[in-house]
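A.B. asks: Below is a structure I'd like to ask you about.
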Amino acid sequence: MSHQWLASALCLGLLICAACAPPPASTPRERITTPPSEETAVDPYLETRLQMVERTMRSRGIKDERVLRVMETTPRHEFVPERYLNQAYADHPLPIGHGQTISQPYIVALMTELLQLEPGDKVLEIGTGSGYQAAVLAQLVDEVWTIEIIPELAEQAEQRFRRLGYANLHTRTADGYYGWPEAAPFDAIIVTAAPDHIPQPLLDQLTPDGRLVVPVGPPGGYQTLWQLVREGEDVRAYNIGGVRFVPLVGGGQSGGDYEDRFGEGEQR
Ligand SMILES: C[S@@+](CC[C@H](N)C(=O)[O-])C[C@H]1O[C@@H](n2cnc3c(N)ncnc32)[C@H](O)[C@@H]1O
C-alpha cells in the first residue's frame with residue numbers, strides 16, 4: 001500500500017495529497033495477538049494499547065512490523081500528564097505543559113516508519129517533548145540522541161527515561177535546528193516540531209544514505225510532512241501530505257524568541 005493511501009487516510013483529513021512516497025522498509029515479524037493474562041494484570045493499559053495499534057495504525061496502512069510491535073509495547077500512559085491518563089491511547093495529541101504536546105500516536109508510528117530504521121542505526125530526534133517518540137526509537141535502534149529546547153521538558157523527559165530504563169538515549173537541552181554535530185553522522189533524523197524551512201545543518205548531519213523526516217510550514221498554517229532521502233550528494237524529497245505541528249523555534253527560525261511563538265490548539 002502506498003503513502004498516497006496513508007496520506008488520504010490521516011485523522012480528520014489533516015494529512016492530504018501525498019506524492020510519490022516510496023514504500024517504507026517492512027520487516028515481517030510475529031506480533032502479539034492475545035496478550036498473556038499475566039501481562040494484562042501488571043499493565044492495565046495493554047488491551048487498550050493493542051486496540052490502538054490495530055484500529056489507528058495497522059488498519060490505516062502502517063506496515064512495518066517492528067514499528068507496530070514497539071507501538072504495542074511502549075507505555076504511552078507513562079508519558080502523559082496524570083489528568084490525561086484516560087486519553088493516553090486516544091488517537092490525538094495531548095498537552096504536556098509549556099504550550100507543547102505529545103504527538104498523535106498514528107503520526108508517531110507513521111514518522112517512525114518513514115525513517116526506515118535498521119537495528120544498528122544512529123538516530124537523532126529534534127523535539128524531545130514528553131520523550132514518547134524517543135522511547136519508541138530507542139527500542140528500534142542501538143542509540144538515540146534527542147534535543148529539547150525547553151529546559152523543564154528536557155529535565156522531565158530525562159528523569160522519565162531513567163525511571164523507565166531507557167539506557168541508550170542521549171539527551172541535550174539546546175536549539176535542535178543545529179543538530180548534534182559531535183555525534184553526527186546520523187542514519188536518520190526526525191523533527192517533531194515544524195520549522196519554516198528545511199534545516200540545512202540537519203541535512204549535513206545525515207549519512208550518505210540517511211533519512212530526514214520533517215514537517216515544514218508556518219506556525220498554525222499549512223505544513224507538509226517531508227521524507228528526505230540522501231543519495232550521496234543528492235537528496236530525494238517525498239511529500240507525505242499535510243500535517244499540523246507546533247512550531248520549531250529558536251535561532252534558525254525567522255520568528256526568533258521561542259516564548260512568543262507557542263500557540264494553543266490542536267497541534268501535534
Ligand atoms: C510536538 S512536541 C514533540 C513531541 C515529542 N516528540 C513527544 O514524543 O512527546 C515538539 C517539541 O519540540 C520542541 N522544540 C521546538 N523547537 C525546538 C528546537 N529548536 N529545538 C529543540 N526542540 C524544539 C518543543 O519544545 C516541543 O517539546
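If you're wondering about the labels, chains in the C-alpha cells are A, B, ... by order shown, residues count from 1 in each chain, ligands from 1 in order shown.
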Taking only C-alpha atoms and all ligand atoms and a cut-off of 7 Å, can you tell me which residues surround ligand 1, written as a ChimeraX atom specification?

C.D. replies: /A:100-103,126-134,147-150,153,174-177,192-193,245-250,268

A.B. asks: Write out as a PyMOL selection string all residues of segment 60-101 of chain A that DSSP puts in strand (DSSP E or B) for this structure's backbone.

C.D. replies: chain A and resi 94-97+100-101

A.B. asks: Extract, using only C-alpha atoms, all DNA, RNA and protein residues at most 7 Å from segment 208-219 of chain A, discarding same-chain residues fewer than 4 positions from it, and format them as a count of residues only.

C.D. replies: 28

A.B. asks: Looking only at the backbone, which of the residues in segment 39-183 of chain A does DSSP tag as helix (DSSP H, G or I), as a PyMOL selection string?

C.D. replies: chain A and resi 39-42+46-60+65-73+76-78+82-87+105-114+132-138+151-164+176-178+181-183

A.B. asks: Since we have the selection now, will you write its residues out, keeping C-alpha atoms, as a PDB file, in the first residue's frame?

C.D. replies:
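part_1.pdb was written with the following content:
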```pdb
ATOM      1  CA  GLU A  39       0.809  -9.229  31.277  1.00  0.00           C
ATOM      2  CA  THR A  40      -2.681  -7.730  31.371  1.00  0.00           C
ATOM      3  CA  ALA A  41      -2.613  -7.962  35.151  1.00  0.00           C
ATOM      4  CA  VAL A  42       0.609  -5.943  35.501  1.00  0.00           C
ATOM      5  CA  LEU A  46      -2.209  -3.402  27.489  1.00  0.00           C
ATOM      6  CA  GLU A  47      -5.549  -4.241  25.888  1.00  0.00           C
ATOM      7  CA  THR A  48      -6.260  -0.573  25.091  1.00  0.00           C
ATOM      8  CA  ARG A  49      -2.806  -0.206  23.577  1.00  0.00           C
ATOM      9  CA  LEU A  50      -3.224  -3.275  21.367  1.00  0.00           C
ATOM     10  CA  GLN A  51      -6.567  -1.901  20.181  1.00  0.00           C
ATOM     11  CA  MET A  52      -4.958   1.459  19.415  1.00  0.00           C
ATOM     12  CA  VAL A  53      -2.365  -0.234  17.219  1.00  0.00           C
ATOM     13  CA  GLU A  54      -4.958  -2.337  15.416  1.00  0.00           C
ATOM     14  CA  ARG A  55      -7.513   0.431  14.842  1.00  0.00           C
ATOM     15  CA  THR A  56      -5.393   3.513  14.279  1.00  0.00           C
ATOM     16  CA  MET A  57      -2.183   2.134  12.805  1.00  0.00           C
ATOM     17  CA  ARG A  58      -2.414  -1.300  11.192  1.00  0.00           C
ATOM     18  CA  SER A  59      -5.821  -0.648   9.650  1.00  0.00           C
ATOM     19  CA  ARG A  60      -4.647   2.734   8.310  1.00  0.00           C
ATOM     20  CA  GLU A  65       6.070  -4.970  11.874  1.00  0.00           C
ATOM     21  CA  ARG A  66       8.972  -3.779  14.037  1.00  0.00           C
ATOM     22  CA  VAL A  67       7.320  -0.373  14.386  1.00  0.00           C
ATOM     23  CA  LEU A  68       3.918  -1.889  15.147  1.00  0.00           C
ATOM     24  CA  ARG A  69       5.414  -4.186  17.748  1.00  0.00           C
ATOM     25  CA  VAL A  70       7.093  -1.284  19.542  1.00  0.00           C
ATOM     26  CA  MET A  71       3.869   0.744  19.476  1.00  0.00           C
ATOM     27  CA  GLU A  72       2.230  -2.258  21.143  1.00  0.00           C
ATOM     28  CA  THR A  73       4.780  -2.360  23.939  1.00  0.00           C
ATOM     29  CA  ARG A  76       2.289   5.859  26.395  1.00  0.00           C
ATOM     30  CA  HIS A  77       0.428   6.400  29.693  1.00  0.00           C
ATOM     31  CA  GLU A  78       3.839   6.946  31.336  1.00  0.00           C
ATOM     32  CA  GLU A  82      -1.830  12.388  35.097  1.00  0.00           C
ATOM     33  CA  ARG A  83      -5.001  14.323  34.285  1.00  0.00           C
ATOM     34  CA  TYR A  84      -4.964  12.936  30.724  1.00  0.00           C
ATOM     35  CA  LEU A  85      -4.368   9.295  31.683  1.00  0.00           C
ATOM     36  CA  ASN A  86      -7.809   8.275  30.446  1.00  0.00           C
ATOM     37  CA  GLN A  87      -6.899   9.611  26.973  1.00  0.00           C
ATOM     38  CA  PRO A 105       0.040   8.069  18.152  1.00  0.00           C
ATOM     39  CA  TYR A 106      -0.664   7.462  14.443  1.00  0.00           C
ATOM     40  CA  ILE A 107       1.703  10.270  13.457  1.00  0.00           C
ATOM     41  CA  VAL A 108       4.405   8.832  15.742  1.00  0.00           C
ATOM     42  CA  ALA A 109       4.039   5.446  14.031  1.00  0.00           C
ATOM     43  CA  LEU A 110       3.969   6.989  10.528  1.00  0.00           C
ATOM     44  CA  MET A 111       7.042   9.167  11.052  1.00  0.00           C
ATOM     45  CA  THR A 112       8.904   6.266  12.659  1.00  0.00           C
ATOM     46  CA  GLU A 113       8.079   4.026   9.685  1.00  0.00           C
ATOM     47  CA  LEU A 114       9.260   6.723   7.264  1.00  0.00           C
ATOM     48  CA  TYR A 132       7.495   9.202  23.953  1.00  0.00           C
ATOM     49  CA  GLN A 133       8.813   9.349  20.376  1.00  0.00           C
ATOM     50  CA  ALA A 134      12.376   8.964  21.668  1.00  0.00           C
ATOM     51  CA  ALA A 135      11.362   5.908  23.701  1.00  0.00           C
ATOM     52  CA  VAL A 136       9.811   4.351  20.592  1.00  0.00           C
ATOM     53  CA  LEU A 137      13.024   4.977  18.638  1.00  0.00           C
ATOM     54  CA  ALA A 138      15.217   3.657  21.451  1.00  0.00           C
ATOM     55  CA  PRO A 151      14.775  23.013  29.886  1.00  0.00           C
ATOM     56  CA  GLU A 152      11.858  21.876  32.097  1.00  0.00           C
ATOM     57  CA  LEU A 153      10.592  19.433  29.460  1.00  0.00           C
ATOM     58  CA  ALA A 154      14.110  18.153  28.806  1.00  0.00           C
ATOM     59  CA  GLU A 155      14.633  17.545  32.527  1.00  0.00           C
ATOM     60  CA  GLN A 156      11.289  15.759  32.954  1.00  0.00           C
ATOM     61  CA  ALA A 157      11.959  13.547  29.931  1.00  0.00           C
ATOM     62  CA  GLU A 158      15.405  12.642  31.189  1.00  0.00           C
ATOM     63  CA  GLN A 159      14.005  11.597  34.572  1.00  0.00           C
ATOM     64  CA  ARG A 160      11.351   9.545  32.801  1.00  0.00           C
ATOM     65  CA  PHE A 161      13.969   7.767  30.650  1.00  0.00           C
ATOM     66  CA  ARG A 162      15.945   6.901  33.783  1.00  0.00           C
ATOM     67  CA  ARG A 163      12.886   5.653  35.658  1.00  0.00           C
ATOM     68  CA  LEU A 164      11.689   3.519  32.730  1.00  0.00           C
ATOM     69  CA  GLY A 176      17.889  21.407  17.706  1.00  0.00           C
ATOM     70  CA  TYR A 177      17.938  23.401  14.450  1.00  0.00           C
ATOM     71  CA  TYR A 178      21.718  22.999  14.537  1.00  0.00           C
ATOM     72  CA  PRO A 181      27.468  17.837  15.253  1.00  0.00           C
ATOM     73  CA  GLU A 182      29.721  15.948  17.708  1.00  0.00           C
ATOM     74  CA  ALA A 183      27.564  12.818  17.434  1.00  0.00           C
TER      75      ALA A 183
END
```

A.B. asks: As a VMD selection string, please: the residues near Pro185 of chain A (cut-off 8 Å, only C-alpha atoms, same-chain neighbours under 4 positions excluded).

C.D. replies: chain A and resid 122 181 205 to 207

A.B. asks: Please produce a file of the residues just selected, as a PDB file, in the first residue's frame, where the atoms kept are N, CA and C atoms.

C.D. replies:
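Result file follows (result_27.pdb):
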```pdb
ATOM      1  N   LYS A 122      22.006   4.935  13.971  1.00  0.00           N
ATOM      2  CA  LYS A 122      22.103   6.058  14.914  1.00  0.00           C
ATOM      3  C   LYS A 122      21.022   7.057  14.529  1.00  0.00           C
ATOM      4  N   PRO A 181      26.329  18.088  16.145  1.00  0.00           N
ATOM      5  CA  PRO A 181      27.468  17.837  15.253  1.00  0.00           C
ATOM      6  C   PRO A 181      28.478  16.833  15.811  1.00  0.00           C
ATOM      7  N   GLN A 205      24.100  16.574   8.510  1.00  0.00           N
ATOM      8  CA  GLN A 205      24.487  15.589   9.528  1.00  0.00           C
ATOM      9  C   GLN A 205      23.944  14.184   9.244  1.00  0.00           C
ATOM     10  N   LEU A 206      23.420  13.988   8.019  1.00  0.00           N
ATOM     11  CA  LEU A 206      22.969  12.648   7.619  1.00  0.00           C
ATOM     12  C   LEU A 206      24.112  11.850   7.014  1.00  0.00           C
ATOM     13  N   THR A 207      24.069  10.538   7.191  1.00  0.00           N
ATOM     14  CA  THR A 207      24.990   9.660   6.463  1.00  0.00           C
ATOM     15  C   THR A 207      24.647   9.750   4.962  1.00  0.00           C
TER      16      THR A 207
END
```

A.B. asks: From the set A:Ile240, A:Ala184, A:Val235, A:Val144, which residue has the shortest atom-to-atom contact distance to Pro201 of chain A, counting only C-alpha atoms?

C.D. replies: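 Counting only C-alpha atoms, the residue closest to Pro201 of chain A is A:Ala184.
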
A.B. asks: Mind giving me the straight-line distance from atom CA of Thr74 of chain A to atom CA of His92 of chain A in Å, one decimal?

C.D. replies: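 Separation of atom CA of Thr74 of chain A and atom CA of His92 of chain A: 16.4 Å.
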
A.B. asks: Just give me the gap between atom CA of Pro93 of chain A and atom CA of Tyr45 of chain A in Å, one decimal is fine.

C.D. replies: 17.8 Å

A.B. asks: What's the separation between atom CA of Gly61 of chain A and atom CA of Phe79 of chain A, in Å to one decimal place?

C.D. replies: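 Computing it gives 24.9 Å between the two atoms.
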